[in-house]
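Read the structure below first, then the notes.
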Amino acid sequence: MVLPVYVYGSGVLKKEAAPVAQDYPALSQLIADMWETLYNANGVGLAAPQVGHTIRLIVIDASVFKDDDPLANGFKRVLINPELIDFSKEKSTFNEGCLSIPGIHEDIVRPKRVRVRYLDERFQPCDEWLDGIPARIAQHEYDHVEGILFTEHLAPIRRKIIASKLQTIARGKSGADYKTKVL
Ligand code: NI
């Protein structure tokens with residue numbers, strides 16, 4: 001089922017999410033719904049708070065970027081209770097967008113590589129270094145489970161420039177071509 005995506009202005013996006021317990025009600029259905037919601041909106045990553053669940057759960061499919069970055073080819077993950085445990089000193093800049101902030105794209109600087117420890121959807125422990133676009137998406141989505149939006153990484157002057165667009169989204173006029181919600 002395609003779920004409505006909570007957009008900028010929703011309190012649920014500003015909360016630190018709770019760890020996922022293995023007996024979280026209907027977890028596999030929620031994961032299936034998150035994939036459907038992600039693909040319906042042509043997104044590359046979605047965190048549970050964006051669909052109203054304040055839990056540390058993320059889905060990522062970077063495949064659409066395969067022509068820009070070979071590392072994105074076939075990169076599909078479910079991350080449960082992810083931790084970013086190491087970062088490269090090297091940074092990269094990427095023009096980010098977010099399904100919760102429709103129509104806004106801004107250059108954001110983040111570490112180029114990141115080591116992530118998480119549980120997969122069978123609750124098996126995983127630990128891997130990510131690079132390129134997969135590392136970028138993982139860091140953006142990790143911010144969501146911490147209650148952080150990518151616009152918070154912008155310099156104050158940039159934030160001022162987009163402030164009125166953000167307010168339009170918060171008033172429910174997102175202009176997105178997928179189901180959205182402000183609460
Ligand atoms: Ni996002």
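Residue numbers start at 1 in each chain; chains themselves are named A, B, ... in the order of the structure tokens; ligands are numbered from 1 in the order shown.
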
Practice problem: Please provide as a ChimeraX atom specification all residues within 7 Å of segment 39-43 of chain A, with the sequence filter that same-chain residues fewer than 3 positions apart are discarded (counting only C-alpha atoms). | Solution: /A:35-36,99,178

Taking N, CA, C and O atoms for each residue, export the selection above as a compact mmCIF listing (two decimals), in the first residue's frame.
```txt
# COMPACT_ATOMS: atom_id res chain seq x y z
N TRP A 35 8.61 0.33 0.56
CA TRP A 35 9.13 0.14 -0.81
C TRP A 35 8.13 0.68 -1.83
O TRP A 35 8.50 1.40 -2.76
N GLU A 36 6.86 0.34 -1.63
CA GLU A 36 5.84 0.77 -2.58
C GLU A 36 5.74 2.30 -2.61
O GLU A 36 5.63 2.91 -3.68
N LEU A 99 11.83 13.49 -0.27
CA LEU A 99 10.39 13.32 -0.53
C LEU A 99 9.56 14.13 0.45
O LEU A 99 8.41 14.46 0.15
N TYR A 178 2.75 12.88 -5.52
CA TYR A 178 2.43 11.69 -4.71
C TYR A 178 1.68 12.19 -3.47
O TYR A 178 1.68 13.39 -3.19
```

Per-residue nearest contacts chain A to ligand 1, cut-off 6 Å, using only C-alpha atoms and all ligand atoms, as JSON lines:
```
{"residue": "A:Cys98", "atom": "CA", "partner": "ligand 1", "partner_atom_place_in_ligand_line": "1 (Ni)", "distance": 3.7}
{"residue": "A:Leu99", "atom": "CA", "partner": "ligand 1", "partner_atom_place_in_ligand_line": "1 (Ni)", "distance": 5.5}
{"residue": "A:Ser100", "atom": "CA", "partner": "ligand 1", "partner_atom_place_in_ligand_line": "1 (Ni)", "distance": 5.9}
{"residue": "A:Glu141", "atom": "CA", "partner": "ligand 1", "partner_atom_place_in_ligand_line": "1 (Ni)", "distance": 6.0}
```

Quiz item: When DSSP works through the backbone of this structure, what residues of segment 122-179 of chain A end up as alpha helix (DSSP H), shown as number ranges by chain?
Solution: A: 132-145, 156-170

Can I get the selection written as a PDB file, in the first residue's frame, with N, CA and C atoms?
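Contents of out22.pdb, freshly written:
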```pdb
ATOM      1  N   GLY A 132      30.379   6.972  -2.374  1.00  0.00           N
ATOM      2  CA  GLY A 132      29.623   7.543  -3.489  1.00  0.00           C
ATOM      3  C   GLY A 132      28.160   7.785  -3.125  1.00  0.00           C
ATOM      4  N   ILE A 133      27.278   7.550  -4.092  1.00  0.00           N
ATOM      5  CA  ILE A 133      25.857   7.852  -3.893  1.00  0.00           C
ATOM      6  C   ILE A 133      25.227   6.992  -2.781  1.00  0.00           C
ATOM      7  N   PRO A 134      25.545   5.699  -2.679  1.00  0.00           N
ATOM      8  CA  PRO A 134      24.998   4.941  -1.538  1.00  0.00           C
ATOM      9  C   PRO A 134      25.348   5.569  -0.181  1.00  0.00           C
ATOM     10  N   ALA A 135      26.581   6.050  -0.032  1.00  0.00           N
ATOM     11  CA  ALA A 135      26.991   6.695   1.230  1.00  0.00           C
ATOM     12  C   ALA A 135      26.195   7.970   1.450  1.00  0.00           C
ATOM     13  N   ARG A 136      25.960   8.696   0.387  1.00  0.00           N
ATOM     14  CA  ARG A 136      25.194   9.939   0.453  1.00  0.00           C
ATOM     15  C   ARG A 136      23.767   9.672   0.922  1.00  0.00           C
ATOM     16  N   ILE A 137      23.104   8.700   0.285  1.00  0.00           N
ATOM     17  CA  ILE A 137      21.704   8.408   0.635  1.00  0.00           C
ATOM     18  C   ILE A 137      21.618   7.907   2.081  1.00  0.00           C
ATOM     19  N   ALA A 138      22.549   7.017   2.457  1.00  0.00           N
ATOM     20  CA  ALA A 138      22.521   6.463   3.819  1.00  0.00           C
ATOM     21  C   ALA A 138      22.629   7.582   4.862  1.00  0.00           C
ATOM     22  N   GLN A 139      23.487   8.575   4.604  1.00  0.00           N
ATOM     23  CA  GLN A 139      23.642   9.673   5.564  1.00  0.00           C
ATOM     24  C   GLN A 139      22.399  10.559   5.615  1.00  0.00           C
ATOM     25  N   HIS A 140      21.797  10.807   4.457  1.00  0.00           N
ATOM     26  CA  HIS A 140      20.566  11.603   4.411  1.00  0.00           C
ATOM     27  C   HIS A 140      19.450  10.885   5.192  1.00  0.00           C
ATOM     28  N   GLU A 141      19.313   9.582   4.949  1.00  0.00           N
ATOM     29  CA  GLU A 141      18.237   8.820   5.617  1.00  0.00           C
ATOM     30  C   GLU A 141      18.518   8.664   7.108  1.00  0.00           C
ATOM     31  N   TYR A 142      19.796   8.503   7.443  1.00  0.00           N
ATOM     32  CA  TYR A 142      20.145   8.401   8.872  1.00  0.00           C
ATOM     33  C   TYR A 142      19.727   9.675   9.604  1.00  0.00           C
ATOM     34  N   ASP A 143      19.942  10.812   8.970  1.00  0.00           N
ATOM     35  CA  ASP A 143      19.490  12.082   9.563  1.00  0.00           C
ATOM     36  C   ASP A 143      18.001  12.024   9.899  1.00  0.00           C
ATOM     37  N   HIS A 144      17.199  11.425   9.012  1.00  0.00           N
ATOM     38  CA  HIS A 144      15.753  11.357   9.264  1.00  0.00           C
ATOM     39  C   HIS A 144      15.441  10.630  10.572  1.00  0.00           C
ATOM     40  N   VAL A 145      16.137   9.529  10.861  1.00  0.00           N
ATOM     41  CA  VAL A 145      15.820   8.815  12.109  1.00  0.00           C
ATOM     42  C   VAL A 145      16.340   9.578  13.333  1.00  0.00           C
ATOM     43  N   PRO A 156      23.029  29.556   6.801  1.00  0.00           N
ATOM     44  CA  PRO A 156      21.861  30.388   7.137  1.00  0.00           C
ATOM     45  C   PRO A 156      21.333  31.212   5.956  1.00  0.00           C
ATOM     46  N   ILE A 157      22.232  31.706   5.126  1.00  0.00           N
ATOM     47  CA  ILE A 157      21.806  32.532   3.989  1.00  0.00           C
ATOM     48  C   ILE A 157      20.970  31.719   2.994  1.00  0.00           C
ATOM     49  N   ARG A 158      21.396  30.467   2.726  1.00  0.00           N
ATOM     50  CA  ARG A 158      20.639  29.590   1.815  1.00  0.00           C
ATOM     51  C   ARG A 158      19.269  29.262   2.419  1.00  0.00           C
ATOM     52  N   ARG A 159      19.287  29.027   3.730  1.00  0.00           N
ATOM     53  CA  ARG A 159      18.035  28.676   4.417  1.00  0.00           C
ATOM     54  C   ARG A 159      17.031  29.824   4.322  1.00  0.00           C
ATOM     55  N   LYS A 160      17.552  31.033   4.423  1.00  0.00           N
ATOM     56  CA  LYS A 160      16.705  32.224   4.315  1.00  0.00           C
ATOM     57  C   LYS A 160      16.073  32.297   2.929  1.00  0.00           C
ATOM     58  N   ILE A 161      16.880  31.967   1.916  1.00  0.00           N
ATOM     59  CA  ILE A 161      16.411  32.044   0.533  1.00  0.00           C
ATOM     60  C   ILE A 161      15.254  31.074   0.276  1.00  0.00           C
ATOM     61  N   ILE A 162      15.316  29.883   0.884  1.00  0.00           N
ATOM     62  CA  ILE A 162      14.265  28.886   0.622  1.00  0.00           C
ATOM     63  C   ILE A 162      13.135  28.920   1.664  1.00  0.00           C
ATOM     64  N   ALA A 163      13.243  29.821   2.655  1.00  0.00           N
ATOM     65  CA  ALA A 163      12.278  29.826   3.771  1.00  0.00           C
ATOM     66  C   ALA A 163      10.822  29.914   3.316  1.00  0.00           C
ATOM     67  N   SER A 164      10.538  30.750   2.315  1.00  0.00           N
ATOM     68  CA  SER A 164       9.136  30.905   1.925  1.00  0.00           C
ATOM     69  C   SER A 164       8.626  29.655   1.202  1.00  0.00           C
ATOM     70  N   LYS A 165       9.517  28.994   0.437  1.00  0.00           N
ATOM     71  CA  LYS A 165       9.128  27.725  -0.201  1.00  0.00           C
ATOM     72  C   LYS A 165       8.810  26.674   0.863  1.00  0.00           C
ATOM     73  N   LEU A 166       9.628  26.653   1.919  1.00  0.00           N
ATOM     74  CA  LEU A 166       9.394  25.694   3.006  1.00  0.00           C
ATOM     75  C   LEU A 166       8.054  25.966   3.681  1.00  0.00           C
ATOM     76  N   GLN A 167       7.736  27.242   3.855  1.00  0.00           N
ATOM     77  CA  GLN A 167       6.465  27.583   4.495  1.00  0.00           C
ATOM     78  C   GLN A 167       5.272  27.169   3.631  1.00  0.00           C
ATOM     79  N   THR A 168       5.454  27.254   2.310  1.00  0.00           N
ATOM     80  CA  THR A 168       4.390  26.819   1.400  1.00  0.00           C
ATOM     81  C   THR A 168       4.141  25.317   1.565  1.00  0.00           C
ATOM     82  N   ILE A 169       5.230  24.554   1.669  1.00  0.00           N
ATOM     83  CA  ILE A 169       5.099  23.104   1.885  1.00  0.00           C
ATOM     84  C   ILE A 169       4.398  22.838   3.219  1.00  0.00           C
ATOM     85  N   ALA A 170       4.807  23.570   4.253  1.00  0.00           N
ATOM     86  CA  ALA A 170       4.231  23.375   5.594  1.00  0.00           C
ATOM     87  C   ALA A 170       2.742  23.715   5.630  1.00  0.00           C
TER      88      ALA A 170
END
```

Practice problem: Determine, counting only C-alpha atoms, which protein, DNA and RNA residues have an atom within 10 Å of an atom of Gly11 of chain A; residues of the same chain fewer than 5 positions away are not included. Present the result as a PyMOL selection string. | Solution: chain A and resi 6+49+52+147+182-183

Could I get the residues of segment 77-120 of chain A with an atom no further than 10 Å from an atom of segment 18-31 of chain A, each paired with its nearest atom pair and that distance in Å to one decimal, using only C-alpha atoms, sorted by chain and residue number, as a Markdown table?
```
| residue | atom | partner | partner_atom | distance |
| --- | --- | --- | --- | --- |
| A:Val78 | CA | A:Ile31 | CA | 8.1 |
| A:Ile80 | CA | A:Val20 | CA | 6.8 |
| A:Asn81 | CA | A:Pro19 | CA | 5.7 |
| A:Pro82 | CA | A:Pro19 | CA | 9.1 |
| A:Leu119 | CA | A:Val20 | CA | 9.8 |
```

Quiz item: Within 10 Å of Phe75 of chain A, counting only C-alpha atoms, which residues qualify if same-chain residues fewer than 2 places away don't, as a PyMOL selection string?
Solution: chain A and resi 60-66+70-73+77+133-134
